[in-house]
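The file my_file_9.cif contains mmCIF, C-alpha atoms:
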data_final
loop_
_atom_site.label_atom_id
_atom_site.label_comp_id
_atom_site.auth_asym_id
_atom_site.auth_seq_id
_atom_site.Cartn_x
_atom_site.Cartn_y
_atom_site.Cartn_z
CA MET E 22 -12.66 -19.47 -52.71
CA ARG E 23 -12.95 -22.39 -50.35
CA SER E 24 -9.69 -21.46 -48.69
CA ASP E 25 -10.99 -17.91 -48.04
CA VAL E 26 -14.14 -19.29 -46.43
CA ARG E 27 -12.08 -21.70 -44.36
CA GLU E 28 -9.81 -18.86 -43.18
CA ALA E 29 -12.83 -16.71 -42.29
CA LEU E 30 -14.39 -19.54 -40.27
CA GLU E 31 -11.08 -20.20 -38.55
CA HIS E 32 -10.72 -16.50 -37.70
CA ARG E 33 -14.24 -16.39 -36.26
CA ARG E 34 -13.60 -19.52 -34.20
CA HIS E 35 -10.36 -18.06 -32.86
CA HIS E 36 -12.14 -14.79 -32.01
CA ARG E 37 -14.84 -16.65 -30.06
CA ALA E 38 -12.23 -18.67 -28.20
CA SER E 39 -10.31 -15.50 -27.27
CA LYS E 40 -13.49 -13.78 -26.12
CA GLY E 41 -14.42 -16.77 -23.96
CA ARG E 42 -10.93 -16.83 -22.44
CA LEU E 43 -11.08 -13.11 -21.61
CA LYS E 44 -14.45 -13.56 -19.93
CA ALA E 45 -13.10 -16.44 -17.86
CA GLU E 46 -10.09 -14.37 -16.79
CA TRP E 47 -12.38 -11.45 -15.88
CA ARG E 48 -14.57 -13.71 -13.70
CA ALA E 49 -11.46 -15.15 -12.03
CA ALA E 50 -10.16 -11.63 -11.32
CA ARG E 51 -13.51 -10.61 -9.82
CA LYS E 52 -13.62 -13.73 -7.64
CA ALA E 53 -10.00 -13.23 -6.49
CA GLY E 54 -10.56 -9.56 -5.71
CA GLY E 55 -8.32 -8.34 -8.51
CA PRO E 56 -8.27 -4.91 -10.15
CA ASP E 57 -11.82 -5.29 -11.49
CA ALA E 58 -13.07 -5.72 -7.92
CA ALA E 59 -11.53 -2.42 -6.79
CA ALA E 60 -13.61 0.35 -5.32
CA GLY E 61 -13.64 2.38 -8.53
CA PRO E 62 -12.64 6.02 -8.97
CA PRO E 63 -11.74 8.10 -5.90
CA PRO E 64 -14.61 9.97 -4.20
CA THR E 65 -15.35 13.58 -5.05
CA GLY E 66 -17.43 16.42 -3.63
CA PHE E 67 -20.55 14.85 -5.14
CA THR E 68 -20.56 12.34 -2.26
CA LEU E 69 -21.33 15.18 0.18
CA LEU E 70 -24.00 16.93 -1.88
CA PRO E 71 -26.96 14.66 -0.93
CA TRP E 72 -26.63 15.85 2.68
CA LEU E 73 -27.86 19.26 1.57
CA LEU E 74 -31.33 17.71 1.65
CA MET E 75 -31.18 18.34 5.42
CA GLY E 76 -31.82 22.00 4.53
CA MET E 77 -35.09 21.22 2.76
CA GLY E 78 -37.00 22.10 5.94
CA ALA E 79 -35.57 25.61 5.94
CA PHE E 80 -36.29 25.93 2.22
CA SER E 81 -39.87 24.78 2.82
CA ASN E 82 -40.33 27.39 5.56
CA LEU E 83 -38.94 30.02 3.23
CA PHE E 84 -41.14 28.95 0.32
CA GLN E 85 -44.31 28.85 2.45
CA GLY E 86 -43.69 32.36 3.79
CA ARG E 87 -43.16 31.18 7.39
CA THR E 88 -39.80 32.95 7.62
CA ALA E 89 -39.38 36.58 8.56
CA ASN E 90 -37.42 38.70 6.13
CA PRO E 91 -37.57 36.02 3.39
CA TRP E 92 -35.14 37.87 1.10
CA ILE E 93 -32.46 37.80 3.79
CA GLY E 94 -33.21 34.13 4.45
CA ALA E 95 -33.06 33.29 0.73
CA LEU E 96 -29.75 35.14 0.37
CA GLY E 97 -28.37 33.34 3.44
CA LEU E 98 -29.53 29.95 2.10
CA LEU E 99 -27.89 30.60 -1.27
CA THR E 100 -24.68 31.73 0.43
CA PHE E 101 -24.62 28.68 2.71
CA ASN E 102 -25.15 26.22 -0.17
CA SER E 103 -22.50 27.93 -2.30
CA LEU E 104 -19.88 27.89 0.45
CA TYR E 105 -20.75 24.29 1.38
CA ILE E 106 -20.35 23.07 -2.23
CA TYR E 107 -17.09 25.03 -2.57
CA VAL E 108 -15.60 23.47 0.58
CA ALA E 109 -16.94 20.00 -0.27
CA PHE E 110 -15.30 19.84 -3.69
CA ARG E 111 -11.99 21.26 -2.47
CA SER E 112 -11.84 18.79 0.42
CA PHE E 113 -10.95 15.84 -1.84
CA ASP E 114 -7.73 17.35 -3.15
CA LYS E 115 -4.93 17.60 -0.59
CA HIS E 116 -3.34 20.81 -1.88
CA ARG E 117 -6.66 22.59 -2.40
CA ARG E 118 -7.93 21.31 0.94
CA GLU E 119 -5.00 22.86 2.78
CA ALA E 120 -5.13 26.13 0.83
CA ARG E 121 -5.94 29.37 2.66
CA SER E 122 -9.00 29.99 0.46
CA THR E 123 -10.58 26.75 1.72
CA ARG E 124 -9.97 27.77 5.34
CA VAL E 125 -11.47 31.20 4.71
CA ALA E 126 -14.52 29.63 3.03
CA LEU E 127 -14.96 27.30 6.03
CA VAL E 128 -14.87 30.24 8.46
CA LEU E 129 -17.42 32.13 6.36
CA LEU E 130 -19.60 29.02 6.27
CA ALA E 131 -19.50 28.84 10.08
CA ALA E 132 -20.43 32.55 10.33
CA VAL E 133 -23.38 32.17 7.94
CA THR E 134 -24.56 29.04 9.80
CA CYS E 135 -24.50 30.82 13.16
CA ALA E 136 -26.31 33.84 11.74
CA LEU E 137 -29.10 31.78 10.09
CA ALA E 138 -29.53 29.40 13.03
CA ALA E 139 -29.51 32.21 15.60
CA GLY E 140 -31.89 34.34 13.56
CA TYR E 141 -34.47 31.73 12.58
CA GLY E 142 -34.01 28.63 14.76
CA ASP E 143 -36.30 25.64 14.07
CA ASN E 144 -35.23 23.78 10.87
CA TRP E 145 -32.39 26.24 10.32
CA LEU E 146 -30.56 24.63 13.26
CA LEU E 147 -29.91 21.58 11.05
CA PHE E 148 -27.30 23.63 9.21
CA PHE E 149 -24.95 22.97 12.13
CA PRO E 150 -24.60 19.22 11.36
CA LEU E 151 -24.01 20.22 7.72
CA LEU E 152 -21.30 22.56 8.92
CA GLY E 153 -19.84 19.62 10.85
CA LEU E 154 -19.77 17.52 7.64
CA ALA E 155 -17.89 20.22 5.77
CA THR E 156 -15.49 20.77 8.68
CA GLY E 157 -14.71 17.06 9.03
CA ALA E 158 -14.09 16.72 5.28
CA ALA E 159 -11.86 19.79 5.10
CA LEU E 160 -9.80 19.33 8.26
CA ARG E 161 -9.55 15.50 8.42
CA LEU E 162 -7.25 14.91 11.40
CA ARG E 163 -5.52 18.28 11.66
CA TYR E 164 -7.12 20.51 14.34
CA LEU E 165 -10.12 18.18 14.19
CA ARG E 166 -10.66 17.63 17.91
CA SER E 167 -10.55 21.30 18.83
CA ALA E 168 -12.63 22.36 15.80
CA GLY E 169 -15.26 19.68 16.47
CA THR E 170 -15.52 20.67 20.13
CA VAL E 171 -15.88 24.38 19.30
CA LEU E 172 -18.60 23.66 16.73
CA ALA E 173 -20.50 21.39 19.13
CA VAL E 174 -20.42 24.02 21.91
CA LEU E 175 -21.47 26.75 19.49
CA ALA E 176 -24.33 24.64 18.13
CA GLY E 177 -25.43 23.76 21.66
CA VAL E 178 -25.53 27.40 22.76
CA VAL E 179 -27.54 28.55 19.72
CA ALA E 180 -29.89 25.54 19.90
CA TRP E 181 -30.42 26.00 23.68
CA PHE E 182 -31.32 29.63 23.04
CA HIS E 183 -34.15 28.55 20.71
CA ALA E 184 -35.22 25.13 22.03
CA GLY E 185 -33.91 24.90 25.57
CA TRP E 186 -32.31 21.68 26.73
CA GLY E 187 -33.93 19.83 23.84
CA GLY E 188 -31.58 21.63 21.51
CA LEU E 189 -28.58 19.74 22.90
CA GLY E 190 -29.29 17.04 20.33
CA ILE E 191 -28.11 19.51 17.68
CA ALA E 192 -24.81 19.86 19.52
CA TYR E 193 -24.37 16.08 19.65
CA ALA E 194 -25.31 15.70 15.96
CA THR E 195 -22.80 18.40 15.02
CA TRP E 196 -19.98 16.76 16.95
CA ILE E 197 -20.79 13.29 15.56
CA SER E 198 -21.06 14.51 11.96
CA THR E 199 -17.69 16.24 12.26
CA MET E 200 -15.82 13.27 13.72
CA VAL E 201 -17.47 10.51 11.66
CA THR E 202 -17.00 12.38 8.37
CA ALA E 203 -13.31 12.97 9.11
CA ALA E 204 -12.82 9.30 10.09
CA ILE E 205 -14.55 7.96 6.98
CA MET E 206 -12.67 10.31 4.68
CA ARG E 207 -9.33 9.47 6.24
CA LEU E 208 -10.07 5.73 6.14
CA SER E 209 -11.03 5.92 2.47
CA GLU E 210 -7.87 7.85 1.74
CA ALA E 211 -5.74 5.32 3.65
CA VAL E 212 -7.30 2.38 1.78
CA ARG E 213 -6.51 3.96 -1.55
CA GLU E 214 -2.97 4.78 -0.47
CA LEU E 215 -2.47 1.18 0.62
CA ARG E 216 -3.85 -0.10 -2.67
CA ALA E 217 -1.51 2.23 -4.58
CA ALA E 218 1.42 1.09 -2.43
CA ARG E 219 0.55 -2.56 -3.06
CA GLU E 220 0.45 -1.98 -6.81
CA GLU E 221 3.76 -0.13 -6.65
CA LEU E 222 5.36 -2.98 -4.69
CA ALA E 223 4.03 -5.51 -7.18
CA HIS E 224 5.41 -3.41 -10.04
CA ARG E 225 8.82 -3.16 -8.36
CA ALA E 226 8.86 -6.91 -7.70
CA VAL E 227 8.20 -7.57 -11.39
CA GLU E 228 10.95 -5.13 -12.38
CA LYS E 229 13.36 -6.69 -9.91
CA GLU E 230 12.64 -10.20 -11.21
CA ARG E 231 13.02 -9.00 -14.79
CA LEU E 232 16.37 -7.41 -13.95
CA ARG E 233 17.52 -10.59 -12.17
CA PHE E 234 16.59 -12.73 -15.13
CA SER E 235 18.25 -10.41 -17.66
CA ARG E 236 21.46 -10.40 -15.63
CA ASP E 237 21.45 -14.17 -15.21
CA LEU E 238 20.73 -14.71 -18.88
CA HIS E 239 23.48 -12.30 -19.90
CA ASP E 240 26.04 -13.93 -17.64
CA LEU E 241 24.99 -17.46 -18.52
CA LEU E 242 24.75 -17.13 -22.29
CA GLY E 243 27.71 -14.77 -22.64
CA HIS E 244 30.04 -17.26 -21.00
CA THR E 245 28.49 -20.36 -22.56
CA MET E 246 28.51 -19.01 -26.11
CA SER E 247 32.11 -17.85 -25.70
CA VAL E 248 33.15 -21.34 -24.57
CA ILE E 249 31.25 -22.98 -27.43
CA VAL E 250 32.87 -20.66 -29.99
CA VAL E 251 36.37 -21.25 -28.61
CA LYS E 252 35.94 -25.03 -28.46
CA SER E 253 34.39 -25.10 -31.93
CA GLU E 254 37.43 -23.27 -33.32
CA ALA E 255 39.70 -25.71 -31.49
CA ALA E 256 37.76 -28.68 -32.92
CA ARG E 257 38.02 -27.23 -36.44
CA ARG E 258 41.79 -26.78 -36.09
CA LEU E 259 42.25 -30.28 -34.70
CA ALA E 260 39.93 -32.09 -37.11
CA GLY E 261 42.58 -32.44 -39.86
CA ARG E 262 45.43 -33.75 -37.73
CA ASP E 263 44.01 -35.22 -34.50
CA LEU E 264 40.49 -36.58 -34.84
CA ASP E 265 40.36 -37.91 -31.27
CA ALA E 266 41.23 -34.49 -29.82
CA ALA E 267 38.64 -32.84 -32.07
CA LEU E 268 36.01 -35.34 -30.91
CA ALA E 269 36.95 -34.53 -27.30
CA GLN E 270 36.34 -30.84 -27.98
CA ILE E 271 32.99 -31.65 -29.61
CA THR E 272 32.05 -33.75 -26.57
CA ASP E 273 32.90 -30.78 -24.36
CA ILE E 274 30.68 -28.57 -26.54
CA GLU E 275 27.79 -30.97 -26.06
CA ALA E 276 28.35 -31.03 -22.30
CA VAL E 277 28.54 -27.24 -22.14
CA GLY E 278 25.29 -26.94 -24.12
CA ARG E 279 23.46 -29.38 -21.88
CA GLN E 280 24.72 -27.62 -18.77
CA ALA E 281 23.62 -24.28 -20.24
CA LEU E 282 20.08 -25.62 -20.75
CA THR E 283 19.98 -26.73 -17.11
CA GLU E 284 21.29 -23.39 -15.88
CA ILE E 285 18.78 -21.43 -17.97
CA ARG E 286 15.91 -23.48 -16.53
CA GLU E 287 17.24 -22.80 -13.03
CA ALA E 288 17.62 -19.09 -13.82
CA VAL E 289 14.03 -18.91 -15.05
CA THR E 290 12.71 -20.45 -11.84
CA GLY E 291 15.11 -18.45 -9.66
CA TYR E 292 16.72 -21.52 -8.10
CA ARG E 293 20.16 -21.26 -9.64
CA GLN E 294 23.03 -21.13 -7.14
CA GLY E 295 26.52 -20.80 -8.52
CA SER E 296 29.56 -22.65 -7.27
CA LEU E 297 33.04 -21.17 -7.21
CA ALA E 298 34.73 -24.55 -7.66
CA THR E 299 32.54 -25.34 -10.67
CA GLU E 300 33.27 -21.97 -12.26
CA LEU E 301 37.00 -22.43 -11.72
CA ASP E 302 36.86 -25.80 -13.51
CA ARG E 303 34.93 -24.24 -16.37
CA ALA E 304 37.40 -21.36 -16.51
CA HIS E 305 40.23 -23.87 -16.81
CA SER E 306 38.47 -25.67 -19.64
CA ALA E 307 37.57 -22.48 -21.55
CA LEU E 308 40.98 -20.82 -21.19
CA THR E 309 42.85 -24.00 -22.07
CA ALA E 310 40.82 -24.34 -25.27
CA ALA E 311 41.60 -20.67 -26.05
CA GLY E 312 45.33 -21.23 -25.54
CA VAL E 313 45.55 -19.17 -22.35
CA THR E 314 47.60 -20.33 -19.38
CA LEU E 315 45.58 -20.28 -16.17
CA VAL E 316 47.09 -19.99 -12.69
CA VAL E 317 44.78 -20.30 -9.70
CA SER E 318 45.84 -19.61 -6.11
CA ARG E 319 43.44 -19.95 -3.21
CA SER E 320 44.03 -19.28 0.46
CA GLY E 321 41.93 -18.32 3.42
CA PRO E 322 39.04 -19.69 5.45
CA PRO E 323 35.97 -21.49 4.03
CA LEU E 324 33.38 -19.27 2.39
CA GLY E 325 29.65 -19.10 2.89
CA PRO E 326 27.42 -20.44 0.10
CA GLN E 327 26.17 -17.00 -0.97
CA THR E 328 29.71 -15.64 -1.09
CA GLU E 329 30.82 -18.60 -3.19
CA ALA E 330 27.90 -18.09 -5.56
CA LEU E 331 28.69 -14.40 -6.06
CA LEU E 332 32.40 -15.03 -6.58
CA GLY E 333 31.46 -17.74 -9.08
CA TRP E 334 29.59 -15.09 -11.08
CA VAL E 335 32.68 -12.85 -10.97
CA VAL E 336 34.96 -15.64 -12.23
CA ARG E 337 32.51 -16.48 -15.02
CA GLU E 338 32.19 -12.88 -16.25
CA ALA E 339 35.91 -12.07 -15.94
CA VAL E 340 37.00 -15.24 -17.75
CA THR E 341 34.43 -14.61 -20.49
CA ASN E 342 35.96 -11.17 -21.03
CA VAL E 343 39.45 -12.66 -21.12
CA VAL E 344 38.41 -15.15 -23.80
CA ARG E 345 36.45 -12.65 -25.88
CA HIS E 346 38.36 -9.39 -25.57
CA SER E 347 41.85 -9.64 -24.09
CA GLY E 348 44.03 -11.63 -26.49
CA ALA E 349 45.92 -12.70 -23.36
CA GLN E 350 48.48 -15.49 -23.00
CA ARG E 351 48.21 -15.84 -19.23
CA CYS E 352 45.42 -15.41 -16.71
CA GLU E 353 45.72 -15.48 -12.92
CA ILE E 354 42.88 -16.00 -10.45
CA ALA E 355 43.83 -15.29 -6.84
CA LEU E 356 41.46 -15.81 -3.90
CA SER E 357 42.52 -14.68 -0.43
CA GLY E 358 40.76 -13.84 2.80
CA CYS E 359 41.55 -12.38 6.15
CA GLY E 360 39.45 -11.11 9.00
CA GLU E 361 35.87 -10.90 7.82
CA ARG E 362 36.52 -10.15 4.12
CA VAL E 363 37.55 -12.16 1.08
CA ARG E 364 39.17 -10.81 -2.08
CA LEU E 365 39.11 -12.33 -5.57
CA MET E 366 41.37 -10.94 -8.30
CA VAL E 367 41.32 -12.02 -11.96
CA SER E 368 44.27 -10.66 -13.94
CA ASP E 369 45.41 -11.16 -17.53
CA ASP E 370 48.34 -9.93 -19.61
CA GLY E 371 46.35 -9.17 -22.73
CA GLY E 372 46.36 -6.03 -24.77
CA GLY E 373 42.56 -5.80 -24.85
CA ALA E 374 40.29 -4.32 -22.24
CA GLY E 375 37.59 -5.64 -20.01
CA THR E 376 34.04 -4.64 -20.49
CA ALA E 377 31.31 -3.32 -18.29
CA GLY E 378 28.06 -3.84 -20.00
CA GLY E 379 29.86 -3.65 -23.35
CA ALA E 380 31.72 -0.39 -22.52
CA MET E 381 35.47 0.04 -22.11
CA VAL E 382 36.70 0.56 -18.58
CA PRO E 383 39.80 2.72 -19.00
CA ASP E 384 41.20 2.78 -15.49
CA SER E 385 41.07 1.10 -12.12
CA THR E 386 37.83 2.59 -10.96
CA ALA E 387 34.81 0.88 -9.53
CA VAL E 388 32.16 0.13 -12.11
CA ALA E 389 29.17 0.43 -9.82
CA GLY E 390 26.14 1.94 -11.38
CA SER E 391 27.55 1.94 -14.93
CA GLY E 392 25.00 -0.40 -16.41
CA GLY E 393 22.76 -3.36 -15.96
CA THR E 394 24.83 -6.17 -17.53
CA GLY E 395 28.41 -7.45 -17.46
CA LEU E 396 30.71 -6.08 -14.81
CA ALA E 397 28.27 -3.29 -14.01
CA GLY E 398 25.55 -5.82 -13.18
CA LEU E 399 28.02 -7.74 -11.02
CA SER E 400 28.95 -4.53 -9.23
CA GLU E 401 25.31 -4.02 -8.27
CA ARG E 402 25.01 -7.62 -7.06
CA LEU E 403 28.09 -7.34 -4.90
CA ALA E 404 27.10 -3.93 -3.55
CA ALA E 405 23.74 -5.36 -2.45
CA ALA E 406 25.64 -8.05 -0.53
CA GLY E 407 27.97 -5.59 1.19
CA GLY E 408 30.82 -6.02 -1.26
CA SER E 409 32.49 -4.09 -4.07
CA LEU E 410 33.84 -4.63 -7.58
CA ALA E 411 36.61 -2.74 -9.41
CA ALA E 412 37.97 -3.25 -12.90
CA GLY E 413 40.63 -1.47 -14.92
CA VAL E 414 43.74 -1.57 -17.08
CA ARG E 415 47.09 -2.00 -15.28
CA ALA E 416 49.82 0.55 -15.86
CA GLY E 417 52.17 -2.10 -17.25
CA GLY E 418 49.55 -3.72 -19.45
CA GLY E 419 46.83 -6.24 -18.82
CA PHE E 420 43.50 -6.00 -17.10
CA ASP E 421 42.42 -6.62 -13.49
CA VAL E 422 39.03 -7.42 -12.00
CA THR E 423 38.93 -7.28 -8.20
CA ALA E 424 35.96 -8.29 -6.05
CA GLU E 425 35.62 -8.03 -2.27
CA LEU E 426 32.89 -9.62 -0.16
CA PRO E 427 32.18 -10.65 3.43
CA LEU E 428 33.22 -14.21 4.17
CA ASP E 429 29.57 -15.13 4.60
CA VAL E 430 26.99 -12.84 3.06
CA GLU E 431 24.25 -14.36 5.23
CA GLY E 432 26.08 -13.28 8.38
CA ALA E 433 27.66 -16.51 9.69
CA ARG E 434 30.70 -16.12 11.95
CA PRO E 435 34.00 -15.95 10.09
CA VAL E 436 36.39 -18.81 10.72
CA GLY E 437 39.47 -18.01 12.83
CA ALA E 438 42.83 -17.15 11.38
CA GLY E 439 44.18 -20.56 12.36
CA ASP E 440 42.12 -22.16 9.59
CA PHE E 441 43.91 -20.26 6.82
CA ARG E 442 45.68 -22.19 4.11
CA SER E 443 48.66 -20.80 2.24
CA ASP E 444 48.94 -21.27 -1.51
CA ALA E 445 46.53 -24.20 -1.46
CA ASP E 446 44.50 -25.43 -4.43
CA VAL E 447 47.03 -24.17 -6.99
CA TYR E 448 47.04 -25.50 -10.54
CA VAL E 449 48.35 -24.37 -13.90
CA GLY E 450 46.60 -25.17 -17.19
CA ARG E 451 47.65 -24.62 -20.77
#
Can the structure in the file be given as structure tokens, please?
Amino acid sequence: MRSDVREALEHRRHHRASKGRLKAEWRAARKAGGPDAAAGPPPTGFTLLPWLLMGMGAFSNLFQGRTANPWIGALGLLTFNSLYIYVAFRSFDKHRREARSTRVALVLLAAVTCALAAGYGDNWLLFFPLLGLATGAALRLRYLRSAGTVLAVLAGVVAWFHAGWGGLGIAYATWISTMVTAAIMRLSEAVRELRAAREELAHRAVEKERLRFSRDLHDLLGHTMSVIVVKSEAARRLAGRDLDAALAQITDIEAVGRQALTEIREAVTGYRQGSLATELDRAHSALTAAGVTLVVSRSGPPLGPQTEALLGWVVREAVTNVVRHSGAQRCEIALSGCGERVRLMVSDDGGGAGTAGGAMVPDSTAVAGSGGTGLAGLSERLAAAGGSLAAGVRAGGGFDVTAELPLDVEGARPVGAGDFRSDADVYVGR
């Protein structure tokens, strides 16, 4: 019983703490101008309806019997309001705004406005600025200048006929209402488009970072766990007959684990930069423990740091596949460069196949776009840097992974041909 009460109190305390945290986050979002501080839902035709109050003067004249032919005036007022509301509500949807029915309704609205203003004058002239509001909302920037000018001239002529030169204020009000309404509507639309674009960019940035992290984690853990498994098997085999050699393998396992922790932290923060020389040393250690002979040949000019980092990823993934899938006895890593390009080839003589995101690659075709991990992920990385990746089974047996990249991904000048080295940095491990 006491335990139930204690759990209930603990649950209530946790609920209060969560509620307080949510309130604090909401206040912080409001202060920072986050989503809660946004302008709310997009505007609709209701934002233009209050301006119909400008026609209250005409309605008052009609109601008080100060208008000739009141039934015609009432029918004209009803028609004007109906067409105005129709155009107003269709003006906030792009497809409906540009439809022919909206244009026809706007023309009819202009005809009714001219007829009422010309027939009655006085307060009925205020329908011209209302016509300008509807025109500005419906046309926005397209044909706006010519339409606004035509409406202003038309309003000025009708107003001058009834009120002389004093009626020119109606023409000015019509022109201003047309232009200002169009400007405000277009500005509101642009702000919302920018906000949507900002949210889309933020979403894409999150997706890009998630993809980067998943690739890094796949490449890091796939290689590291393969090395740990191979060295653990070697330590188990050596434990009965050569304790010192087994302890050396266990020491390597500890070092690999510690290095993996460091690399994962760097991958999380986005600061990890690979090294081709480091990956070649690790490849030698992993393949030697797996009983695979490694031959490395390197020639060509110095590489840029980004190129080295990308080629380091290729070596790591290809060697991991050799250890896990190939059953090979010999592996060759050849690096060569000429002109402005560098080529890295990893070949083995195994009977297995390489993988591209876990899928078999049956022939020597590029693996670009075939997945998000493994060789497919590397293909996307290299393609983004102006390079390419191909992987496939050789006709005589074995598997090849070939990567090509610019000498310096960041665009530094390639070193001249005189700096080439032939068959340098060659070693064989077993």
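Among the candidates E:Val250, E:Met366, E:Leu222, E:Ala260, the one nearest to Ala307 of chain E when counting all atoms listed in the file is E:Val250.
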If I put a ball of radius 10 Å at (31.4, -19.3, -2.9) in the file's coordinates, which residues poke into it when counting only C-alpha atoms, written as a JSON list (two decimals) with C-alpha atoms, in the frame of the given file?
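The result, written out as part_15.json:
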[["chain", "number", "residue", "atom", "x", "y", "z"],
["E", 294, "GLN", "CA", 23.03, -21.13, -7.14],
["E", 295, "GLY", "CA", 26.52, -20.80, -8.52],
["E", 296, "SER", "CA", 29.56, -22.65, -7.27],
["E", 297, "LEU", "CA", 33.04, -21.17, -7.21],
["E", 298, "ALA", "CA", 34.73, -24.55, -7.66],
["E", 299, "THR", "CA", 32.54, -25.34, -10.67],
["E", 300, "GLU", "CA", 33.27, -21.97, -12.26],
["E", 323, "PRO", "CA", 35.97, -21.49, 4.03],
["E", 324, "LEU", "CA", 33.38, -19.27, 2.39],
["E", 325, "GLY", "CA", 29.65, -19.10, 2.89],
["E", 326, "PRO", "CA", 27.42, -20.44, 0.10],
["E", 327, "GLN", "CA", 26.17, -17.00, -0.97],
["E", 328, "THR", "CA", 29.71, -15.64, -1.09],
["E", 329, "GLU", "CA", 30.82, -18.60, -3.19],
["E", 330, "ALA", "CA", 27.90, -18.09, -5.56],
["E", 331, "LEU", "CA", 28.69, -14.40, -6.06],
["E", 332, "LEU", "CA", 32.40, -15.03, -6.58],
["E", 333, "GLY", "CA", 31.46, -17.74, -9.08],
["E", 334, "TRP", "CA", 29.59, -15.09, -11.08],
["E", 428, "LEU", "CA", 33.22, -14.21, 4.17],
["E", 429, "ASP", "CA", 29.57, -15.13, 4.60],
["E", 430, "VAL", "CA", 26.99, -12.84, 3.06]]
re atom CA of Arg351 of chain E and atom CA of Val313 of chain E: distance 5.3 Å
Can you tell me how far atom CA of Arg257 of chain E sits from atom CA of Gly348 of chain E, in Å to one decimal? 19.5 Å
I'd like the residues picked by the PyMOL selection byres ((chain E and resi 369) around 9) written out as a ChimeraX atom specification, using the chain letters and numbers from the file. /E:343,347,349-354,367-368,370-372,418-421
With all atoms listed in the file as the atoms that count, which of E:Leu151, E:Ala211, E:Val422, E:Ala79 lies nearest to Pro91 of chain E? E:Ala79
If you measure from atom CA of Cys135 of chain E to atom CA of Arg161 of chain E, what distance in Å do you get, rounded to one decimal? 21.9 Å
